[in-house]
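The file final.pdb comes next; it holds PDB, C-alpha atoms.
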ATOM      1  CA  MET A   1      35.647  -3.819  63.388
ATOM      2  CA  THR A   2      34.437  -1.349  60.822
ATOM      3  CA  PHE A   3      35.087   2.371  60.857
ATOM      4  CA  PRO A   4      32.781   4.815  59.061
ATOM      5  CA  SER A   5      34.021   6.740  56.059
ATOM      6  CA  PRO A   6      34.168  10.535  56.332
ATOM      7  CA  LYS A   7      31.092  12.367  55.092
ATOM      8  CA  SER A   8      32.643  15.810  54.788
ATOM      9  CA  GLU A   9      35.642  17.338  53.055
ATOM     10  CA  ALA A  10      35.938  20.286  55.461
ATOM     11  CA  PRO A  11      38.848  19.672  57.871
ATOM     12  CA  ALA A  12      36.971  20.837  60.989
ATOM     13  CA  GLN A  13      33.951  18.666  60.198
ATOM     14  CA  ARG A  14      36.167  15.669  59.370
ATOM     15  CA  PHE A  15      37.894  16.096  62.732
ATOM     16  CA  GLU A  16      34.540  16.060  64.521
ATOM     17  CA  GLU A  17      33.434  12.968  62.589
ATOM     18  CA  ALA A  18      36.716  11.202  63.314
ATOM     19  CA  THR A  19      36.488  12.090  67.001
ATOM     20  CA  ALA A  20      32.948  10.734  67.276
ATOM     21  CA  ALA A  21      33.856   7.533  65.422
ATOM     22  CA  ALA A  22      36.983   7.033  67.537
ATOM     23  CA  ARG A  23      35.025   7.630  70.747
ATOM     24  CA  ASN A  24      32.453   5.047  69.688
ATOM     25  CA  ALA A  25      35.174   2.505  68.855
ATOM     26  CA  LEU A  26      36.995   3.171  72.129
ATOM     27  CA  GLU A  27      33.811   2.761  74.163
ATOM     28  CA  LYS A  28      33.342  -0.683  72.619
ATOM     29  CA  LEU A  29      37.007  -1.548  73.141
ATOM     30  CA  ILE A  30      36.957  -0.413  76.783
ATOM     31  CA  GLY A  31      33.761  -2.404  77.336
ATOM     32  CA  ALA A  32      35.445  -5.517  75.948
ATOM     33  CA  ALA A  33      38.516  -4.849  78.113
ATOM     34  CA  ASN A  34      36.271  -4.454  81.183
ATOM     35  CA  GLU A  35      34.636  -7.797  80.440
ATOM     36  CA  ALA A  36      38.110  -9.361  80.219
ATOM     37  CA  GLY A  37      38.989  -8.003  83.664
ATOM     38  CA  TRP A  38      40.778  -4.730  82.922
ATOM     39  CA  GLY A  39      39.786  -1.590  84.827
ATOM     40  CA  THR A  40      38.511   1.394  82.853
ATOM     41  CA  GLU A  41      41.255   3.723  84.076
ATOM     42  CA  GLU A  42      44.118   1.301  83.476
ATOM     43  CA  ILE A  43      42.953   0.401  79.975
ATOM     44  CA  SER A  44      42.238   4.069  79.144
ATOM     45  CA  VAL A  45      45.762   5.074  80.151
ATOM     46  CA  ALA A  46      47.186   2.132  78.191
ATOM     47  CA  LEU A  47      45.193   3.184  75.120
ATOM     48  CA  LEU A  48      46.447   6.764  75.435
ATOM     49  CA  LYS A  49      50.034   5.528  75.642
ATOM     50  CA  ALA A  50      49.535   3.231  72.656
ATOM     51  CA  ALA A  51      47.929   6.038  70.645
ATOM     52  CA  GLN A  52      50.851   8.369  71.473
ATOM     53  CA  PHE A  53      53.324   5.679  70.390
ATOM     54  CA  LEU A  54      51.521   5.241  67.060
ATOM     55  CA  ASN A  55      51.305   9.008  66.561
ATOM     56  CA  ASP A  56      55.038   9.399  67.204
ATOM     57  CA  ALA A  57      55.839   6.497  64.866
ATOM     58  CA  ASN A  58      53.677   8.069  62.151
ATOM     59  CA  LYS A  59      55.525  11.372  62.507
ATOM     60  CA  LYS A  60      58.860   9.582  62.048
ATOM     61  CA  ASP A  61      57.677   7.472  59.095
ATOM     62  CA  PRO A  62      54.312   8.546  57.660
ATOM     63  CA  ASP A  63      54.156   5.687  55.143
ATOM     64  CA  PRO A  64      56.070   2.599  56.300
ATOM     65  CA  ALA A  65      54.540   0.597  53.443
ATOM     66  CA  GLU A  66      56.869   2.486  51.096
ATOM     67  CA  ASP A  67      59.967   1.333  53.028
ATOM     68  CA  PRO A  68      62.044  -1.325  51.264
ATOM     69  CA  ASP A  69      61.574  -4.850  52.506
ATOM     70  CA  MET A  70      64.580  -5.908  54.594
ATOM     71  CA  SER A  71      64.999  -8.979  52.401
ATOM     72  CA  ASP A  72      65.535  -6.580  49.472
ATOM     73  CA  ALA A  73      68.335  -4.661  51.231
ATOM     74  CA  PRO A  74      71.589  -4.888  49.253
ATOM     75  CA  GLY A  75      74.384  -6.805  50.961
ATOM     76  CA  LYS A  76      72.138  -8.333  53.566
ATOM     77  CA  ARG A  77      73.389 -11.704  54.703
ATOM     78  CA  GLU A  78      71.701 -13.771  57.366
ATOM     79  CA  GLN A  79      73.292 -16.266  59.662
ATOM     80  CA  ILE A  80      71.547 -19.568  59.998
ATOM     81  CA  GLY A  81      72.433 -22.533  62.133
ATOM     82  CA  HIS A  82      75.938 -22.552  63.640
ATOM     83  CA  GLY A  83      77.794 -19.970  61.615
ATOM     84  CA  GLU A  84      76.655 -20.973  58.115
ATOM     85  CA  LEU A  85      75.802 -18.067  55.877
ATOM     86  CA  PHE A  86      72.788 -17.896  53.647
ATOM     87  CA  ASP A  87      73.359 -16.166  50.295
TER      88      ASP A  87
END
What is this file in structure tokens?
Amino acid sequence: MTFPSPKSEAPAQRFEEATAAARNALEKLIGAANEAGWGTEEISVALLKAAQFLNDANKKDPDPAEDPDMSDAPGKREQIGHGELFD
């Protein structure tokens, strides 16, 4: 799926563009969900819940790509098999 790039730099206009693009994408997504057997209301509510989850996660960690990889964490030791430790 492609998403259009913003055409404006003005925050209010960008919001309107983003809203229109999101609405278009959601209409297609809901149509695909309907074809798969989901009802419009149930999938719409599920999408709202998913969007709220992502919004909350973004507020907690705006750029998770900057987080250190768990394999890079100092002192991390993983258990494998039956009690063996991997260094």
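The shell of residues at most 12 Å from Ala21 of chain A, with only C-alpha atoms counted and near chain neighbours (fewer than 3 positions) removed, consists of A:Met1, A:Thr2, A:Phe3, A:Pro4, A:Ser5, A:Pro6, A:Lys7, A:Arg14, A:Phe15, A:Glu16, A:Glu17, A:Ala18, A:Asn24, A:Ala25, A:Leu26, A:Glu27, A:Lys28.
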Problem - Point-to-point distance from atom CA of Leu48 of chain A to atom CA of Asn34 of chain A, Å rounded to tenths - result: 16.2 Å
Handout entry: Two-atom distance - atom CA of Gly39 of chain A, atom CA of Gln52 of chain A (Å)
Key = 20.0 Å
Exercise for the section: Provide the atom CA of Ala65 of chain A to atom CA of Pro11 of chain A distance in Å, to one decimal place. Expected result: 25.1 Å
